[in-house]
Amino acid sequence: MDPNVRPETMERITSPELAQAFIDEQIAAVRKQVGDKKVLLALSGGVDSSVVAALLIKAIGDQLVCVHVNHGLLRKGEPEQVIRVFKEELGANLIYVDAVDRFLGKLAGVADPETKRKIIGKEFIDVFAEEASKLEGIKFLGQGTIYPDILESKDGIKAHHNVGGLPEGLDFELVEPIKLLYKDEVRVVGKALGLPDNMVYRQPFPGPGLGVRCTGAITRDRLEAVREADAIFREEIDKMDPTPWQYFVAIPDVKSTGIKDGKRYMGWAAVIRAVQTKDAVTAKSVEIPWTTLCTIRDRIIAEVPGINRVLWDFSDKPVATIEWE
Ligand code: XMP
């Protein structure tokens, strides 16, 4: 039996009971695989790695070492939440790496989106490998691979970073307890593991993070403006019911004229975007009520230094992609 093929007999996990049965099964399997050895896990705070972390903590406790790399491109409050939930509440063995200066230094002056993506991806592996080399007795690498990652890699749709081998220099055996699960099942399992709703039902967030929403060459001041404006926008859109599939702010590298305290005020435009989709291949812009739009506009302009306009990107995909870069 191919371990990367979901058996036809496997029941879809839709209830807390089925989730619990899956968790119990995986705890036993992980304990058997790992024995008394150590497992290393890159914990981004995304749904998949968070569920794997919570599951492995239950299975092997202190034998799991989590590494959270803050590359400076995370959303407001994310590193703090990872530390609070995993270190303080779940008692994880968590190494927090502040790599903000390192990433932003490498990205300084780089305007091309794909080059930015490559730098972020490579730097991430380098930082992670450096942390791994400082530790002793690590035999395994935990990964939040899920079933669509395997299917998409197989079909040649995308070379998923979780599938197809480890980066050179990381010579570990893989522990992938959720690799046969679909995303909806991962969420049910995460809920059963006691993770907070805002982690379990988190909207998709790209690996390069705010880096692809601070278009062109990233500067610290514009990156901070994206982070703050995005937090305000999410706070207001979270009041909608249901919330859209994905919603965020991007700030293009353009300034326009404004006026503040009777003086010329050159500022950026915060672009707000909310979309609905099934699979991110096509997407429809979501209608936002006028009163909500006005609150968002007023708050962003009043609370975020450097912004003098708010624009609503209500383009569908295609032709516009979901992200700006
Ligand atoms: P686009 O912009 O291509 O995005 O319409 C489709 C979905 O993929 C996410 N996205 C990424 N995710 N690394 C990721 O992990 C990336 O480089 C990346 N680029 C886009 C995007 O947020 C959307 O959900």
# chains A, B, ... in the order shown; residues from 1 in each chain; ligands from 1
>>> closest_atom_pairs(of="chain A", to="ligand 1", cutoff="7 Å", atoms="only C-alpha atoms and all ligand atoms", output="tab-separated table")
residue	atom	partner	partner_atom_place_in_ligand_line	distance
A:Arg117	CA	ligand 1	17 (O)	6.2
A:Pro204	CA	ligand 1	24 (O)	5.2
A:Phe205	CA	ligand 1	22 (O)	5.1
A:Pro206	CA	ligand 1	12 (N)	3.4
A:Gly207	CA	ligand 1	15 (O)	3.9
A:Pro208	CA	ligand 1	17 (O)	5.6
A:Gln246	CA	ligand 1	24 (O)	6.9
A:Ala280	CA	ligand 1	6 (C)	4.9
A:Val281	CA	ligand 1	6 (C)	6.6
A:Lys317	CA	ligand 1	5 (O)	6.9
A:Thr321	CA	ligand 1	5 (O)	3.7
A:Ile322	CA	ligand 1	5 (O)	3.6
A:Glu323	CA	ligand 1	2 (O)	3.6
A:Trp324	CA	ligand 1	2 (O)	6.5
A:Glu325	CA	ligand 1	2 (O)	6.7
>>> select_by_dssp(residues="region 7-164 of chain A", states="helix (DSSP H, G or I)", output="CSV table (one decimal) with N, CA and C atoms, in the first residue's frame")
chain,number,residue,atom,x,y,z
A,16,PRO,N,-16.2,15.6,16.2
A,16,PRO,CA,-15.2,15.6,17.3
A,16,PRO,C,-14.9,14.1,17.6
A,17,GLU,N,-15.9,13.2,17.5
A,17,GLU,CA,-15.6,11.8,17.8
A,17,GLU,C,-14.6,11.2,16.8
A,18,LEU,N,-14.9,11.5,15.5
A,18,LEU,CA,-14.0,10.9,14.5
A,18,LEU,C,-12.6,11.6,14.6
A,19,ALA,N,-12.6,12.9,15.0
A,19,ALA,CA,-11.3,13.5,15.2
A,19,ALA,C,-10.5,12.9,16.3
A,20,GLN,N,-11.2,12.6,17.4
A,20,GLN,CA,-10.6,12.0,18.5
A,20,GLN,C,-10.0,10.6,18.2
A,21,ALA,N,-10.7,9.9,17.4
A,21,ALA,CA,-10.3,8.5,17.0
A,21,ALA,C,-9.0,8.7,16.2
A,22,PHE,N,-9.0,9.7,15.3
A,22,PHE,CA,-7.8,9.9,14.4
A,22,PHE,C,-6.6,10.3,15.3
A,23,ILE,N,-6.9,11.2,16.3
A,23,ILE,CA,-5.8,11.7,17.1
A,23,ILE,C,-5.2,10.5,17.9
A,24,ASP,N,-6.0,9.7,18.5
A,24,ASP,CA,-5.6,8.5,19.2
A,24,ASP,C,-4.7,7.6,18.4
A,25,GLU,N,-5.2,7.4,17.2
A,25,GLU,CA,-4.5,6.5,16.2
A,25,GLU,C,-3.1,7.1,15.9
A,26,GLN,N,-3.1,8.4,15.6
A,26,GLN,CA,-1.8,9.0,15.2
A,26,GLN,C,-0.8,9.1,16.4
A,27,ILE,N,-1.4,9.3,17.6
A,27,ILE,CA,-0.5,9.4,18.8
A,27,ILE,C,0.3,8.0,18.9
A,28,ALA,N,-0.5,7.0,18.7
A,28,ALA,CA,0.2,5.6,18.8
A,28,ALA,C,1.2,5.5,17.7
A,29,ALA,N,0.8,5.9,16.4
A,29,ALA,CA,1.7,5.7,15.3
A,29,ALA,C,3.0,6.5,15.5
A,30,VAL,N,2.8,7.8,15.9
A,30,VAL,CA,4.0,8.6,16.1
A,30,VAL,C,4.9,8.1,17.2
A,31,ARG,N,4.3,7.6,18.3
A,31,ARG,CA,5.2,7.1,19.3
A,31,ARG,C,6.0,5.9,18.8
A,32,LYS,N,5.3,5.1,18.0
A,32,LYS,CA,6.0,3.9,17.5
A,32,LYS,C,7.1,4.3,16.5
A,33,GLN,N,6.8,5.3,15.7
A,33,GLN,CA,7.8,5.7,14.7
A,33,GLN,C,9.0,6.4,15.4
A,34,VAL,N,8.8,7.2,16.4
A,34,VAL,CA,9.8,8.1,16.9
A,34,VAL,C,10.6,7.4,18.1
A,47,VAL,N,-2.5,26.9,10.0
A,47,VAL,CA,-3.3,25.8,10.5
A,47,VAL,C,-2.6,24.5,10.5
A,48,ASP,N,-1.9,24.1,9.4
A,48,ASP,CA,-1.3,22.8,9.3
A,48,ASP,C,-0.2,22.5,10.3
A,49,SER,N,0.7,23.5,10.3
A,49,SER,CA,1.9,23.2,11.3
A,49,SER,C,1.4,23.3,12.7
A,50,SER,N,0.4,24.1,13.0
A,50,SER,CA,-0.1,24.2,14.4
A,50,SER,C,-0.8,22.9,14.8
A,51,VAL,N,-1.6,22.3,13.9
A,51,VAL,CA,-2.3,21.1,14.2
A,51,VAL,C,-1.2,20.0,14.4
A,52,VAL,N,-0.2,19.9,13.6
A,52,VAL,CA,0.9,18.9,13.8
A,52,VAL,C,1.6,19.1,15.1
A,53,ALA,N,1.9,20.4,15.4
A,53,ALA,CA,2.5,20.7,16.7
A,53,ALA,C,1.7,20.2,17.9
A,54,ALA,N,0.4,20.6,17.9
A,54,ALA,CA,-0.5,20.2,19.0
A,54,ALA,C,-0.6,18.7,19.1
A,55,LEU,N,-0.6,18.0,18.0
A,55,LEU,CA,-0.7,16.5,18.0
A,55,LEU,C,0.6,15.9,18.5
A,56,LEU,N,1.7,16.4,18.1
A,56,LEU,CA,3.0,15.9,18.5
A,56,LEU,C,3.3,16.2,19.9
A,57,ILE,N,2.8,17.3,20.4
A,57,ILE,CA,3.0,17.6,21.9
A,57,ILE,C,2.3,16.5,22.7
A,58,LYS,N,1.0,16.2,22.2
A,58,LYS,CA,0.3,15.2,22.9
A,58,LYS,C,1.0,13.8,22.8
A,59,ALA,N,1.6,13.5,21.7
A,59,ALA,CA,2.2,12.2,21.5
A,59,ALA,C,3.5,12.0,22.2
A,60,ILE,N,4.4,13.1,22.1
A,60,ILE,CA,5.8,12.9,22.5
A,60,ILE,C,6.3,14.0,23.4
A,61,GLY,N,5.4,15.0,23.8
A,61,GLY,CA,5.8,16.0,24.7
A,61,GLY,C,7.1,16.7,24.4
A,62,ASP,N,8.0,16.6,25.4
A,62,ASP,CA,9.3,17.3,25.3
A,62,ASP,C,10.2,16.8,24.2
A,63,GLN,N,9.9,15.7,23.6
A,63,GLN,CA,10.8,15.2,22.5
A,63,GLN,C,10.5,16.0,21.2
A,78,GLU,N,0.9,37.8,15.3
A,78,GLU,CA,1.1,36.4,15.1
A,78,GLU,C,2.2,35.7,15.9
A,79,PRO,N,3.4,36.3,15.9
A,79,PRO,CA,4.5,35.6,16.7
A,79,PRO,C,4.1,35.5,18.2
A,80,GLU,N,3.4,36.6,18.7
A,80,GLU,CA,3.0,36.6,20.1
A,80,GLU,C,2.0,35.5,20.3
A,81,GLN,N,1.1,35.3,19.4
A,81,GLN,CA,0.1,34.2,19.6
A,81,GLN,C,0.7,32.8,19.6
A,82,VAL,N,1.7,32.6,18.6
A,82,VAL,CA,2.3,31.3,18.6
A,82,VAL,C,3.0,31.0,19.9
A,83,ILE,N,3.7,32.0,20.5
A,83,ILE,CA,4.4,31.9,21.8
A,83,ILE,C,3.4,31.6,22.9
A,84,ARG,N,2.3,32.4,22.9
A,84,ARG,CA,1.3,32.2,24.0
A,84,ARG,C,0.6,30.9,23.9
A,85,VAL,N,0.2,30.5,22.7
A,85,VAL,CA,-0.6,29.2,22.6
A,85,VAL,C,0.3,28.0,22.9
A,86,PHE,N,1.5,28.0,22.2
A,86,PHE,CA,2.3,26.8,22.2
A,86,PHE,C,3.2,26.7,23.4
A,87,LYS,N,3.9,27.8,23.7
A,87,LYS,CA,4.8,27.8,24.8
A,87,LYS,C,4.1,27.8,26.2
A,88,GLU,N,3.2,28.8,26.3
A,88,GLU,CA,2.6,29.1,27.6
A,88,GLU,C,1.4,28.1,27.9
A,89,GLU,N,0.6,27.9,26.9
A,89,GLU,CA,-0.6,27.1,27.2
A,89,GLU,C,-0.4,25.6,27.0
A,100,VAL,N,14.1,39.0,11.9
A,100,VAL,CA,13.6,40.2,11.2
A,100,VAL,C,14.6,40.9,10.5
A,101,ASP,N,15.7,41.3,11.2
A,101,ASP,CA,16.7,42.2,10.5
A,101,ASP,C,17.4,41.4,9.4
A,102,ARG,N,17.6,40.1,9.6
A,102,ARG,CA,18.3,39.3,8.6
A,102,ARG,C,17.4,39.2,7.3
A,103,PHE,N,16.2,39.0,7.4
A,103,PHE,CA,15.3,38.9,6.2
A,103,PHE,C,15.2,40.3,5.6
A,104,LEU,N,14.9,41.3,6.4
A,104,LEU,CA,14.7,42.6,5.8
A,104,LEU,C,16.0,43.1,5.1
A,105,GLY,N,17.1,42.7,5.7
A,105,GLY,CA,18.4,43.1,5.2
A,105,GLY,C,18.6,42.5,3.8
A,106,LYS,N,18.3,41.2,3.7
A,106,LYS,CA,18.4,40.5,2.4
A,106,LYS,C,17.4,41.0,1.3
A,107,LEU,N,16.3,41.5,1.8
A,107,LEU,CA,15.2,42.0,0.9
A,107,LEU,C,15.4,43.5,0.5
A,113,PRO,N,9.0,40.5,-7.6
A,113,PRO,CA,8.2,39.6,-6.7
A,113,PRO,C,8.8,38.2,-6.6
A,114,GLU,N,9.2,37.6,-7.7
A,114,GLU,CA,9.7,36.3,-7.7
A,114,GLU,C,11.0,36.2,-7.0
A,115,THR,N,11.9,37.2,-7.2
A,115,THR,CA,13.2,37.2,-6.5
A,115,THR,C,12.9,37.4,-5.0
A,116,LYS,N,11.9,38.2,-4.6
A,116,LYS,CA,11.6,38.4,-3.2
A,116,LYS,C,11.2,37.0,-2.6
A,117,ARG,N,10.3,36.3,-3.3
A,117,ARG,CA,9.8,35.0,-2.9
A,117,ARG,C,11.0,34.0,-2.7
A,118,LYS,N,11.9,34.0,-3.7
A,118,LYS,CA,13.1,33.1,-3.6
A,118,LYS,C,13.9,33.4,-2.4
A,119,ILE,N,14.2,34.7,-2.2
A,119,ILE,CA,15.0,35.1,-1.0
A,119,ILE,C,14.4,34.7,0.3
A,120,ILE,N,13.1,34.9,0.4
A,120,ILE,CA,12.4,34.6,1.6
A,120,ILE,C,12.4,33.1,1.9
A,121,GLY,N,12.1,32.3,0.8
A,121,GLY,CA,12.1,30.8,0.9
A,121,GLY,C,13.5,30.3,1.3
A,122,LYS,N,14.6,30.8,0.6
A,122,LYS,CA,15.9,30.3,0.9
A,122,LYS,C,16.4,30.7,2.3
A,123,GLU,N,16.1,31.9,2.6
A,123,GLU,CA,16.5,32.4,4.0
A,123,GLU,C,15.8,31.6,5.1
A,124,PHE,N,14.6,31.2,4.8
A,124,PHE,CA,13.9,30.5,5.8
A,124,PHE,C,14.5,29.1,6.0
A,125,ILE,N,14.9,28.5,5.0
A,125,ILE,CA,15.6,27.2,5.1
A,125,ILE,C,16.9,27.3,5.8
A,126,ASP,N,17.7,28.4,5.4
A,126,ASP,CA,19.0,28.6,6.0
A,126,ASP,C,18.8,28.8,7.5
A,127,VAL,N,17.9,29.6,7.9
A,127,VAL,CA,17.7,29.9,9.4
A,127,VAL,C,17.3,28.6,10.1
A,128,PHE,N,16.4,27.9,9.5
A,128,PHE,CA,15.9,26.7,10.1
A,128,PHE,C,17.1,25.6,10.2
A,129,ALA,N,17.9,25.5,9.2
A,129,ALA,CA,19.0,24.6,9.2
A,129,ALA,C,20.0,25.0,10.2
A,130,GLU,N,20.2,26.3,10.4
A,130,GLU,CA,21.2,26.7,11.4
A,130,GLU,C,20.7,26.4,12.8
A,131,GLU,N,19.4,26.6,13.0
A,131,GLU,CA,18.8,26.2,14.3
A,131,GLU,C,19.0,24.7,14.6
A,132,ALA,N,18.7,23.9,13.5
A,132,ALA,CA,18.7,22.5,13.6
A,132,ALA,C,20.2,22.0,14.0
A,133,SER,N,21.2,22.7,13.4
A,133,SER,CA,22.6,22.3,13.6
A,133,SER,C,23.0,22.6,15.0
A,134,LYS,N,22.3,23.5,15.7
A,134,LYS,CA,22.7,23.8,17.1
A,134,LYS,C,22.1,22.7,18.1
A,147,TYR,N,-3.2,16.3,2.4
A,147,TYR,CA,-3.4,15.6,1.2
A,147,TYR,C,-3.4,16.4,-0.1
A,148,PRO,N,-4.0,17.5,-0.1
A,148,PRO,CA,-4.0,18.3,-1.4
A,148,PRO,C,-2.5,18.6,-1.8
A,149,ASP,N,-1.6,18.8,-0.8
A,149,ASP,CA,-0.2,19.0,-1.2
A,149,ASP,C,0.3,17.9,-2.0
A,150,ILE,N,0.0,16.7,-1.5
A,150,ILE,CA,0.5,15.4,-2.2
A,150,ILE,C,-0.1,15.3,-3.6
A,151,LEU,N,-1.5,15.6,-3.6
A,151,LEU,CA,-2.2,15.5,-4.9
A,151,LEU,C,-1.7,16.5,-5.9
A,152,GLU,N,-1.5,17.7,-5.5
A,152,GLU,CA,-1.1,18.8,-6.4
A,152,GLU,C,0.4,18.5,-6.9
A,153,SER,N,1.2,18.0,-6.0
A,153,SER,CA,2.6,17.7,-6.4
A,153,SER,C,2.6,16.6,-7.5
A,154,LYS,N,1.8,15.6,-7.2
A,154,LYS,CA,1.7,14.4,-8.1
A,154,LYS,C,1.2,14.9,-9.5
>>> atom_distance(atom1="CA of Arg297 (chain A)", atom2="CA of Ala283 (chain A)")
23.6 Å
>>> closest_residue(among="A:Val175, A:Ile218, A:Ile146, A:Leu223", to="Ala111 (chain A)", atoms="only C-alpha atoms")
A:Ile218
>>> atom_distance(atom1="CA of Ile178 (chain A)", atom2="CA of Met1 (chain A)")
17.3 Å
>>> residues_around(residues="Asp298 (chain A)", least_positions_apart="3", cutoff="12 Å", atoms="only C-alpha atoms", output="compact mmCIF listing (two decimals) with C-alpha atoms, in the first residue's frame")
# COMPACT_ATOMS: atom_id res chain seq x y z
CA ALA A 229 -3.80 48.70 8.18
CA ILE A 232 -7.65 47.18 11.31
CA PHE A 233 -9.22 45.83 8.13
CA GLU A 236 -13.70 45.23 10.92
CA ALA A 270 -3.96 51.27 1.44
CA THR A 291 -20.98 51.77 6.43
CA THR A 292 -18.28 49.14 7.01
CA LEU A 293 -16.21 50.63 4.18
CA CYS A 294 -16.49 54.09 5.78
CA THR A 295 -15.41 52.79 9.20
CA ILE A 301 -6.45 56.99 7.67
CA ALA A 302 -6.63 58.14 11.31
CA GLU A 303 -4.62 55.31 12.87
CA VAL A 304 -1.92 54.40 10.36
CA ILE A 307 -1.51 56.61 4.64
CA ASN A 308 -3.68 59.27 3.05
CA ARG A 309 -6.06 57.19 0.90
CA VAL A 310 -7.96 53.92 1.06
>>> closest_residue(among="A:Val110, A:Val189, A:Leu174, A:Val39", to="Thr14 (chain A)", atoms="only C-alpha atoms")
A:Val189
>>> select_by_dssp(residues="region 199-261 of chain A", states="strand (DSSP E or B)", output="VMD selection string")
chain A and resid 214 246 to 251 255 to 256 259 to 260
>>> residues_around(residues="Ala42 (chain A)", least_positions_apart="2", cutoff="9 Å", atoms="only C-alpha atoms", output="PDB file with C-alpha atoms, in the first residue's frame")
ATOM      1  CA  LEU A  40      12.059  19.085  14.957  1.00  0.00           C
ATOM      2  CA  SER A  44       4.684  29.025  11.363  1.00  0.00           C
ATOM      3  CA  SER A  49       1.865  23.216  11.278  1.00  0.00           C
ATOM      4  CA  ALA A  53       2.534  20.692  16.711  1.00  0.00           C
ATOM      5  CA  VAL A  65      11.301  20.834  19.436  1.00  0.00           C
ATOM      6  CA  CYS A  66       9.362  23.589  17.657  1.00  0.00           C
ATOM      7  CA  VAL A  67      11.127  26.421  15.863  1.00  0.00           C
ATOM      8  CA  HIS A  68       9.187  29.596  15.119  1.00  0.00           C
ATOM      9  CA  VAL A  69      11.029  31.868  12.711  1.00  0.00           C
ATOM     10  CA  PHE A 128      15.918  26.658  10.103  1.00  0.00           C
ATOM     11  CA  LEU A 141      11.457  16.343  11.010  1.00  0.00           C
ATOM     12  CA  GLY A 142       7.765  17.029  11.573  1.00  0.00           C
ATOM     13  CA  GLN A 143       5.853  18.451   8.619  1.00  0.00           C
ATOM     14  CA  GLY A 144       2.346  19.804   8.117  1.00  0.00           C
TER      15      GLY A 144
END
>>> residues_around(residues="Gly267 (chain A)", least_positions_apart="6", cutoff="9 Å", atoms="only C-alpha atoms", output="ChimeraX atom specification")
/A:254-258,305-309
>>> write_last_selection(atoms="C-alpha atoms", output="PDB file, in the first residue's frame")
ATOM      1  CA  VAL A 254       3.290  54.744  -4.795  1.00  0.00           C
ATOM      2  CA  LYS A 255       2.676  58.023  -3.008  1.00  0.00           C
ATOM      3  CA  SER A 256       0.027  60.577  -3.813  1.00  0.00           C
ATOM      4  CA  THR A 257      -0.735  64.072  -2.640  1.00  0.00           C
ATOM      5  CA  GLY A 258      -2.861  64.696   0.409  1.00  0.00           C
ATOM      6  CA  PRO A 305       0.943  56.844   9.842  1.00  0.00           C
ATOM      7  CA  GLY A 306       1.855  57.419   6.210  1.00  0.00           C
ATOM      8  CA  ILE A 307      -1.506  56.607   4.637  1.00  0.00           C
ATOM      9  CA  ASN A 308      -3.677  59.270   3.053  1.00  0.00           C
ATOM     10  CA  ARG A 309      -6.055  57.195   0.901  1.00  0.00           C
TER      11      ARG A 309
END
>>> residues_around(residues="Gly209 (chain A)", least_positions_apart="6", cutoff="9 Å", atoms="only C-alpha atoms", output="number ranges by chain")
A: 71-75
